[in-house]
Structures are given as structure tokens and as C-alpha cells.
$ cat data_12.txt   # compact mmCIF, C-alpha atoms
# COMPACT_ATOMS: atom_id res chain seq x y z
CA MET O 296 -12.35 -1.87 -36.25
CA ALA O 297 -14.92 -4.28 -34.89
CA GLY O 298 -18.49 -3.12 -34.43
CA ILE O 299 -20.00 -2.98 -30.93
CA ARG O 300 -23.61 -3.87 -30.15
CA ALA O 301 -25.81 -5.14 -27.33
CA MET O 302 -25.36 -8.79 -26.40
CA THR O 303 -28.32 -11.14 -26.95
CA ALA O 304 -29.14 -14.59 -25.63
CA SER O 305 -28.24 -16.09 -29.01
CA ASP O 306 -24.65 -14.86 -28.49
CA LEU O 307 -24.03 -16.84 -25.31
CA ASP O 308 -22.45 -19.96 -26.81
CA GLU O 309 -20.08 -17.95 -28.98
CA VAL O 310 -19.23 -15.60 -26.10
CA ALA O 311 -18.39 -18.59 -23.89
CA ALA O 312 -16.17 -20.11 -26.57
CA ALA O 313 -14.37 -16.81 -27.19
CA THR O 314 -13.70 -15.97 -23.54
CA GLU O 315 -12.55 -19.51 -22.76
CA ALA O 316 -10.23 -19.64 -25.77
CA GLY O 317 -8.85 -16.24 -24.78
CA GLY O 318 -7.93 -17.32 -21.25
CA PHE O 319 -10.80 -15.42 -19.63
CA GLY O 320 -12.81 -18.45 -18.50
CA ASN O 321 -16.17 -19.69 -19.71
CA ARG O 322 -18.47 -16.73 -19.00
CA ARG O 323 -21.66 -18.21 -20.42
CA GLU O 324 -23.64 -18.45 -17.16
CA PHE O 325 -22.35 -15.09 -15.94
CA PHE O 326 -23.59 -13.33 -19.06
CA ARG O 327 -26.85 -15.30 -18.96
CA MET O 328 -27.40 -13.76 -15.52
CA THR O 329 -26.60 -10.25 -16.72
CA LEU O 330 -29.08 -10.56 -19.59
CA ALA O 331 -31.78 -11.36 -17.02
CA LEU O 332 -30.93 -8.39 -14.78
CA GLY O 333 -32.59 -5.12 -15.71
CA ASN O 334 -29.67 -3.04 -14.41
CA CYS O 335 -27.05 -4.68 -16.64
CA ARG O 336 -25.93 -3.72 -20.16
CA PRO O 337 -23.71 -6.45 -21.70
CA LEU O 338 -22.06 -5.67 -25.03
CA VAL O 339 -20.18 -7.64 -27.68
CA ALA O 340 -17.63 -6.58 -30.28
CA VAL O 341 -18.04 -8.29 -33.66
CA GLU O 342 -15.53 -8.44 -36.49
CA HIS O 343 -16.25 -10.25 -39.78
CA GLY O 344 -19.28 -11.90 -38.15
CA ARG O 345 -17.27 -13.27 -35.20
CA ILE O 346 -17.53 -12.16 -31.56
CA VAL O 347 -14.11 -10.90 -30.55
CA GLY O 348 -14.81 -8.91 -27.38
CA THR O 349 -17.18 -8.25 -24.50
CA GLY O 350 -17.98 -5.51 -22.02
CA LEU O 351 -20.48 -5.00 -19.23
CA GLY O 352 -22.04 -2.02 -17.54
CA SER O 353 -24.18 -2.38 -14.41
CA ILE O 354 -26.27 0.48 -13.06
CA HIS O 355 -26.34 0.98 -9.29
CA GLY O 356 -28.29 4.20 -9.00
CA ARG O 357 -25.89 7.12 -9.52
CA ALA O 358 -22.96 4.70 -9.65
CA GLY O 359 -22.16 2.45 -12.58
CA TRP O 360 -19.70 -0.44 -12.75
CA ILE O 361 -17.63 -1.45 -15.78
CA GLY O 362 -16.43 -5.05 -16.07
CA VAL O 363 -15.56 -8.04 -18.22
CA ILE O 364 -13.71 -5.96 -20.81
CA PHE O 365 -12.39 -8.85 -22.90
CA VAL O 366 -10.64 -8.78 -26.28
CA ALA O 367 -9.56 -11.84 -28.27
CA PRO O 368 -5.76 -12.23 -27.91
CA GLU O 369 -4.99 -11.68 -31.60
CA LEU O 370 -6.76 -8.27 -31.53
CA ARG O 371 -5.27 -6.86 -28.34
CA ARG O 372 -3.36 -3.55 -28.31
CA ARG O 373 -5.30 -2.28 -31.30
CA GLY O 374 -7.76 -0.06 -29.44
CA LEU O 375 -10.68 -2.47 -29.12
CA GLY O 376 -10.51 -2.64 -25.32
CA LYS O 377 -10.62 1.15 -25.22
CA ALA O 378 -13.58 1.23 -27.61
CA LEU O 379 -15.49 -1.33 -25.54
CA THR O 380 -14.81 0.62 -22.35
CA GLU O 381 -15.94 3.87 -23.97
CA ALA O 382 -19.15 2.20 -25.17
CA VAL O 383 -19.92 0.86 -21.69
CA CYS O 384 -19.19 4.25 -20.10
CA ALA O 385 -21.47 5.99 -22.59
CA ASP O 386 -24.29 3.55 -21.76
CA LEU O 387 -23.86 4.15 -18.03
CA GLU O 388 -23.67 7.92 -18.33
CA SER O 389 -26.80 7.96 -20.50
CA ALA O 390 -28.54 6.08 -17.67
CA GLY O 391 -27.62 8.85 -15.20
CA CYS O 392 -24.51 7.36 -13.59
CA VAL O 393 -22.14 10.07 -12.34
CA SER O 394 -19.66 7.74 -10.64
CA LEU O 395 -18.05 5.12 -12.88
CA VAL O 396 -16.20 2.38 -10.99
CA LEU O 397 -14.11 -0.61 -12.04
CA VAL O 398 -11.48 -3.04 -10.79
CA ALA O 399 -8.46 -3.02 -13.09
CA THR O 400 -6.04 -5.67 -14.23
CA ASP O 401 -2.45 -4.84 -15.09
CA LEU O 402 -3.35 -5.10 -18.77
CA GLY O 403 -6.38 -2.85 -18.51
CA ARG O 404 -5.13 -0.14 -16.16
CA PRO O 405 -3.25 1.94 -18.78
CA VAL O 406 -6.35 1.94 -20.99
CA TYR O 407 -8.56 3.14 -18.15
CA GLU O 408 -6.12 5.86 -17.14
CA LYS O 409 -6.20 7.24 -20.69
CA LEU O 410 -10.00 7.37 -20.39
CA GLY O 411 -9.85 9.52 -17.25
CA PHE O 412 -10.09 6.87 -14.53
CA ARG O 413 -7.99 7.38 -11.40
CA VAL O 414 -6.99 4.94 -8.68
CA GLN O 415 -9.19 5.50 -5.65
CA THR O 416 -7.85 2.64 -3.52
CA GLU O 417 -6.94 -1.03 -3.77
CA TYR O 418 -8.90 -4.18 -2.98
CA HIS O 419 -6.84 -6.68 -0.99
CA MET O 420 -8.03 -10.18 -1.84
CA ILE O 421 -7.73 -12.65 1.03
CA SER O 422 -8.64 -16.36 0.93
CA GLY O 423 -9.85 -18.70 3.64
CA ASP O 424 -9.97 -22.48 3.64
CA PRO O 425 -13.42 -24.08 4.03
CA LEU O 426 -14.66 -24.74 7.58
CA ASP O 427 -16.58 -27.91 8.40
CA ALA O 428 -18.52 -26.44 11.32
CA ALA O 429 -21.04 -23.62 11.09
CA PRO O 430 -20.12 -20.61 13.28
CA THR O 431 -21.66 -19.80 16.65
CA PRO O 432 -23.16 -16.28 16.44
CA PRO O 433 -22.13 -13.62 18.97
CA ARG O 434 -24.18 -13.61 22.15
CA GLY O 435 -27.64 -12.12 21.64
CA THR O 436 -27.64 -12.62 17.86
CA ARG O 437 -28.71 -15.31 15.42
CA LEU O 438 -27.96 -16.29 11.85
CA ARG O 439 -30.83 -16.95 9.48
CA GLN O 440 -31.51 -17.01 5.77
CA ILE O 441 -32.74 -13.86 4.08
CA THR O 442 -36.42 -13.60 3.15
CA ARG O 443 -38.21 -11.15 0.86
CA ALA O 444 -39.33 -9.23 3.95
CA ASP O 445 -35.67 -8.47 4.69
CA LEU O 446 -34.81 -6.95 1.31
CA ASN O 447 -35.48 -3.31 2.17
CA GLY O 448 -33.29 -3.52 5.25
CA VAL O 449 -30.52 -5.38 3.44
CA ALA O 450 -30.57 -2.90 0.54
CA GLY O 451 -30.49 0.01 3.00
CA LEU O 452 -27.46 -1.34 4.88
CA ASP O 453 -25.75 -2.09 1.58
CA ARG O 454 -26.36 1.47 0.33
CA GLN O 455 -24.93 2.87 3.57
CA ALA O 456 -21.75 0.82 3.07
CA THR O 457 -21.22 1.14 -0.69
CA GLY O 458 -22.89 4.45 -1.56
CA GLU O 459 -24.66 2.54 -4.35
CA ASP O 460 -28.14 1.22 -5.07
CA ARG O 461 -27.48 -2.50 -5.62
CA ARG O 462 -31.08 -3.61 -5.09
CA ALA O 463 -31.19 -5.58 -8.38
CA LEU O 464 -28.16 -7.68 -7.39
CA ILE O 465 -29.45 -8.15 -3.86
CA GLU O 466 -32.78 -9.45 -5.12
CA HIS O 467 -31.05 -11.78 -7.57
CA PHE O 468 -28.77 -13.38 -4.97
CA ALA O 469 -31.14 -13.18 -1.97
CA ALA O 470 -32.14 -16.85 -2.17
CA SER O 471 -28.61 -17.84 -1.13
CA GLY O 472 -28.19 -15.02 1.38
CA TRP O 473 -27.83 -15.00 5.16
CA LEU O 474 -28.13 -12.27 7.74
CA LEU O 475 -27.02 -11.75 11.31
CA GLU O 476 -29.89 -10.46 13.44
CA GLY O 477 -29.80 -8.85 16.88
CA ALA O 478 -32.06 -9.72 19.79
CA GLY O 479 -34.48 -6.96 18.82
CA GLY O 480 -34.60 -8.05 15.18
CA GLU O 481 -32.12 -5.41 14.01
CA LEU O 482 -29.94 -6.21 11.00
CA ARG O 483 -26.27 -6.43 11.99
CA GLY O 484 -24.83 -7.66 8.69
CA PHE O 485 -25.40 -9.95 5.73
CA LEU O 486 -23.63 -12.40 3.43
CA MET O 487 -24.66 -13.26 -0.12
CA PRO O 488 -22.44 -15.99 -1.57
CA THR O 489 -22.15 -15.98 -5.35
CA VAL O 490 -19.83 -18.34 -7.29
CA ARG O 491 -16.32 -19.74 -6.85
CA GLY O 492 -16.18 -18.68 -3.20
CA ASN O 493 -17.01 -15.02 -3.82
CA GLY O 494 -19.75 -13.16 -2.00
CA ALA O 495 -20.98 -9.75 -0.91
CA LEU O 496 -20.46 -9.31 2.82
CA ILE O 497 -21.46 -6.15 4.70
CA ALA O 498 -21.17 -5.69 8.47
CA PRO O 499 -20.43 -2.53 10.49
CA GLU O 500 -18.93 -4.36 13.52
CA PRO O 501 -15.85 -6.63 13.38
CA ASP O 502 -17.30 -9.31 15.69
CA ASP O 503 -20.37 -9.59 13.51
CA ALA O 504 -18.23 -9.65 10.38
CA SER O 505 -16.10 -12.45 11.88
CA CYS O 506 -19.19 -14.60 12.32
CA LEU O 507 -20.36 -13.97 8.76
CA LEU O 508 -16.84 -14.61 7.42
CA ASP O 509 -16.77 -17.97 9.20
CA LEU O 510 -20.15 -18.74 7.68
CA HIS O 511 -18.72 -17.77 4.28
CA ARG O 512 -15.92 -20.31 4.79
CA HIS O 513 -18.42 -22.93 5.93
CA LEU O 514 -20.48 -22.43 2.77
CA ALA O 515 -17.47 -22.34 0.44
CA PRO O 516 -16.86 -25.21 -2.01
CA ARG O 517 -15.06 -28.05 -0.25
CA ASP O 518 -12.43 -28.10 -2.99
CA GLY O 519 -11.97 -24.33 -3.09
CA HIS O 520 -11.74 -21.25 -0.89
CA ALA O 521 -13.84 -18.41 0.42
CA TRP O 522 -12.73 -14.98 -0.73
CA ALA O 523 -12.82 -11.66 1.10
CA GLY O 524 -12.02 -8.31 -0.47
CA LEU O 525 -11.10 -5.35 1.75
CA ALA O 526 -10.04 -1.87 0.72
CA THR O 527 -6.70 -0.40 1.77
CA GLU O 528 -8.57 1.87 4.20
CA HIS O 529 -9.82 -1.21 6.06
CA GLU O 530 -6.45 -2.14 7.54
CA ALA O 531 -7.90 -3.32 10.87
CA GLY O 532 -10.17 -5.73 9.03
CA ARG O 533 -7.26 -7.18 7.05
CA ARG O 534 -5.31 -7.78 10.27
CA LEU O 535 -8.35 -9.48 11.79
CA LEU O 536 -8.66 -11.89 8.87
CA VAL O 537 -4.98 -12.83 8.94
CA ASP O 538 -5.23 -13.44 12.70
CA ARG O 539 -8.16 -15.78 12.01
CA GLY O 540 -6.28 -17.90 9.48
CA TRP O 541 -7.00 -16.16 6.18
CA PHE O 542 -4.22 -15.76 3.60
CA ALA O 543 -3.41 -12.60 1.65
CA TRP O 544 -3.30 -13.23 -2.10
CA ARG O 545 -2.98 -10.08 -4.25
CA THR O 546 -4.34 -6.58 -4.73
CA PHE O 547 -6.32 -4.94 -7.52
CA PRO O 548 -6.78 -1.18 -8.03
CA ARG O 549 -10.28 0.21 -7.67
CA MET O 550 -10.56 3.03 -10.21
CA VAL O 551 -13.17 5.79 -10.46
CA ARG O 552 -14.16 8.37 -13.07
CA GLY O 553 -16.43 11.22 -12.02
CA GLU O 554 -17.67 11.59 -8.47
CA ASP O 555 -16.31 9.34 -5.73
CA PRO O 556 -19.17 7.23 -4.29
CA ALA O 557 -19.90 8.08 -0.66
CA TRP O 558 -18.89 4.67 0.65
CA GLN O 559 -17.70 3.32 4.02
CA PRO O 560 -14.92 0.78 3.33
CA SER O 561 -14.77 -0.40 6.95
CA MET O 562 -18.23 -1.98 6.49
CA ILE O 563 -17.27 -3.92 3.35
CA TRP O 564 -15.67 -7.38 3.65
CA GLY O 565 -16.46 -8.94 0.26
CA GLN O 566 -17.87 -8.30 -3.21
CA PHE O 567 -20.43 -9.98 -5.45
CA ASN O 568 -17.62 -10.02 -8.02
CA HIS O 569 -15.12 -7.61 -9.55
CA ALA O 570 -17.31 -6.90 -12.57
CA MET O 571 -20.30 -5.50 -10.65
CA GLY O 572 -18.95 -4.64 -7.20
$ encode --input "data_12.txt" --output "C-alpha cells"
Amino acid sequence: MAGIRAMTASDLDEVAAATEAGGFGNRREFFRMTLALGNCRPLVAVEHGRIVGTGLGSIHGRAGWIGVIFVAPELRRRGLGKALTEAVCADLESAGCVSLVLVATDLGRPVYEKLGFRVQTEYHMISGDPLDAAPTPPRGTRLRQITRADLNGVAGLDRQATGEDRRALIEHFAASGWLLEGAGGELRGFLMPTVRGNGALIAPEPDDASCLLDLHRHLAPRDGHAWAGLATEHEAGRRLLVDRGWFAWRTFPRMVRGEDPAWQPSMIWGQFNHAMG
């Protein structure tokens, strides 16, 4: 069995080569980011001096996310994915996480079920073509870029929606973030685009979310799409997106071990990514 240890910056080139060769995409820049974030715990599996697997834990207060469980194709179905997942879970639990959350693939779901994860709901991934024009905000509101003075408010709204403390991610992506502000300066929602058309999007009201979703499409790569991710409980939001020209793609199970986070799915319209929520 391969050994599992913490990832280091010197591993990045080999990690990128392994994940790309294994059909998982080149994850070099993603893991570079996680090494710079104090809430992230990336791991590698090493066999005979070669990196053959990865895993990631990210700490969001009492919640912890598991992601990027990758095993080289020739070593799959031998227990290494399970061992990586167990190692990530142990790291998160030692950091005080009592809710462990992940988004499963078809390949990974049986492994996670054996480790005590249960399906809480499903994320419905919906894509939108880029928009040339920036959206017009609802009457009495304005769109503006996020500043450092906004971070406490953004983190508070995010915690209300997700039940998690994602301050580290919010600070990391804030430079690309936008918020919708009411006439009295109140925060009505925010968008933080990440990569490949993904982005965290939180808004309590559908009209405000529609504006931020149109902004998301406007900021999306011209040769790609913007992505939204809504839970099964957010059926009204999914109907709204389809009515506005978005296209349903596929669903992924959201799985939890331990306590269910006290989240509000109707406020959540998109994720940073499926590795960290």
C-alpha cells in the first residue's frame, strides 16, 4: 500500500503530471492555491517514490470538505481511494470538524458510503452561455466590486447560507468578487467567480440572484459557460434559471458524515468548486 503524507510545493509538477495522465485534469494551480490557504490540508499518496494519489481537506469552522480524491488508474479498486479519504477525514476531525461534506462521483460514492457518508441532497449543475452586456441591477440597488471593508458582511451572509465559516476562501477570491448593494448600503448578495466558469453565488432573493447570475454569465469566458449549482431543495431557483435560458446538465450527490450543517439551500446559487464547497 502506498504511503500518505502532506503535499509540499516541490510535489506540484509531479501532481500535475499524475492527475493529467489519469484523466483528472492538470491540477497544478489548484493545489498551489490550497498550499497557500491556511484552512486547506492537501495530501499525496506515494508508492515506490512516485506520486499516485491526492486528497484534500478544507476546514470551514465546524464543517470540513473532502475533495480531489484521485488515484492513478492502474491502482484503482485496491483501497487507496478509501485510505486517502480516511486520512483526509482524520485531519479534518482532528481540527474540530464535526460535519464532513463532499460531492461524490459515481466512482467514489460506494467508497464514501462504506466510510459512513450518507446522501444529504443533490447539486443540480446548470450552465449558461456568456452574455455580452452587463446586467441592469434591480431598482434601488447597485453592483460594485468587493473591498476589504465588505469582508465581514460577505462572510456573515455566506455563513447564514452555508452554515460554514468560509472566510479563508472569501478572502482569497475577494479581488474578483462583486456584490449587490441596496439603497441603504445593505448587502443583498454576492458573486465570487473562480475558474472555468465556476463561482460562489449567495443571494436570499430571486430577483437579486437573477442579476448576479447575469453578471456571472457576463464575466464567464467567451469560449465557455457560467455554471450554477442548486440543491434539490431549491426547485424554484432551478425553474427560474431554465426560464432565463440556462441549461440543465447533470446532478452530483452531496454527502455528509456527522452533523448536517445548518444551511439554507434557497440562498445558494453556485459553489467555489466541488472540492471545497
$ closest_residue --input "data_12.txt" --among "O:Asp502, O:Thr431, O:His529, O:Leu426" --to "O:Pro516" --atoms "all atoms listed in the file"
O:Leu426
$ closest_residue --input "data_12.txt" --among "O:Trp564, O:Phe325, O:Phe468, O:Phe412" --to "O:Met550" --atoms "all atoms listed in the file"
O:Phe412
$ closest_residue --input "data_12.txt" --among "O:Gly484, O:Gly348, O:Gly411, O:Gly472" --to "O:Glu369" --atoms "all atoms listed in the file"
O:Gly348
$ closest_residue --input "data_12.txt" --among "O:Ala557, O:Ala444, O:Ile421, O:Ala311" --to "O:Gly524" --atoms "all atoms listed in the file"
O:Ile421
$ closest_residue --input "data_12.txt" --among "O:Arg322, O:Arg483, O:Arg552, O:Arg336" --to "O:Thr436" --atoms "all atoms listed in the file"
O:Arg483
$ residues_near_point --input "data_12.txt" --point "(-30.7, -0.8, -12.0)" --cutoff "12 Å" --atoms "only C-alpha atoms" --output "PyMOL selection string"
chain O and resi 329+331-336+352-360+387+390-392+459-467+571
$ atom_distance --input "data_12.txt" --atom1 "atom CA of O:Phe365" --atom2 "atom CA of O:Phe542"
28.6 Å
$ atom_distance --input "data_12.txt" --atom1 "atom CA of O:Pro368" --atom2 "atom CA of O:Arg327"
23.1 Å
$ residues_around --input "data_12.txt" --residues "O:Ala504" --least-positions-apart "3" --cutoff "9 Å" --atoms "only C-alpha atoms" --output "PyMOL selection string"
chain O and resi 483-485+496-501+507-509+562+564
$ closest_residue --input "data_12.txt" --among "O:Pro488, O:Gly480, O:Gly565, O:Gly494" --to "O:Leu536" --atoms "all atoms listed in the file"
O:Gly565
$ residues_around --input "data_12.txt" --residues "O:Ala367" --least-positions-apart "2" --cutoff "12 Å" --atoms "only C-alpha atoms" --output "ChimeraX atom specification"
/O:297,310-319,339-342,345-349,364-365,369-376
$ atom_distance --input "data_12.txt" --atom1 "atom CA of O:Arg443" --atom2 "atom CA of O:Leu486"
14.9 Å
$ residues_around --input "data_12.txt" --residues "O:Cys506" --least-positions-apart "6" --cutoff "8 Å" --atoms "all atoms listed in the file" --output "MDAnalysis selection string"
chainID O and resid 430:433
$ residues_around --input "data_12.txt" --residues "stretch 446-448 of chain O" --least-positions-apart "4" --cutoff "8 Å" --atoms "only C-alpha atoms" --output "mmCIF file with C-alpha atoms, keeping the file's coordinate frame"
data_model
loop_
_atom_site.group_PDB
_atom_site.id
_atom_site.type_symbol
_atom_site.label_atom_id
_atom_site.label_comp_id
_atom_site.auth_asym_id
_atom_site.auth_seq_id
_atom_site.Cartn_x
_atom_site.Cartn_y
_atom_site.Cartn_z
ATOM 1 C CA ILE O 441 -32.740 -13.860 4.080
ATOM 2 C CA THR O 442 -36.420 -13.600 3.150
ATOM 3 C CA LEU O 452 -27.460 -1.340 4.880
ATOM 4 C CA ILE O 465 -29.450 -8.150 -3.860
ATOM 5 C CA GLU O 466 -32.780 -9.450 -5.120
ATOM 6 C CA ALA O 469 -31.140 -13.180 -1.970
ATOM 7 C CA LEU O 482 -29.940 -6.210 11.000
#
$ residues_around --input "data_12.txt" --residues "O:Asn568" --least-positions-apart "5" --cutoff "8 Å" --atoms "only C-alpha atoms" --output "number ranges by chain"
O: 489, 493-495
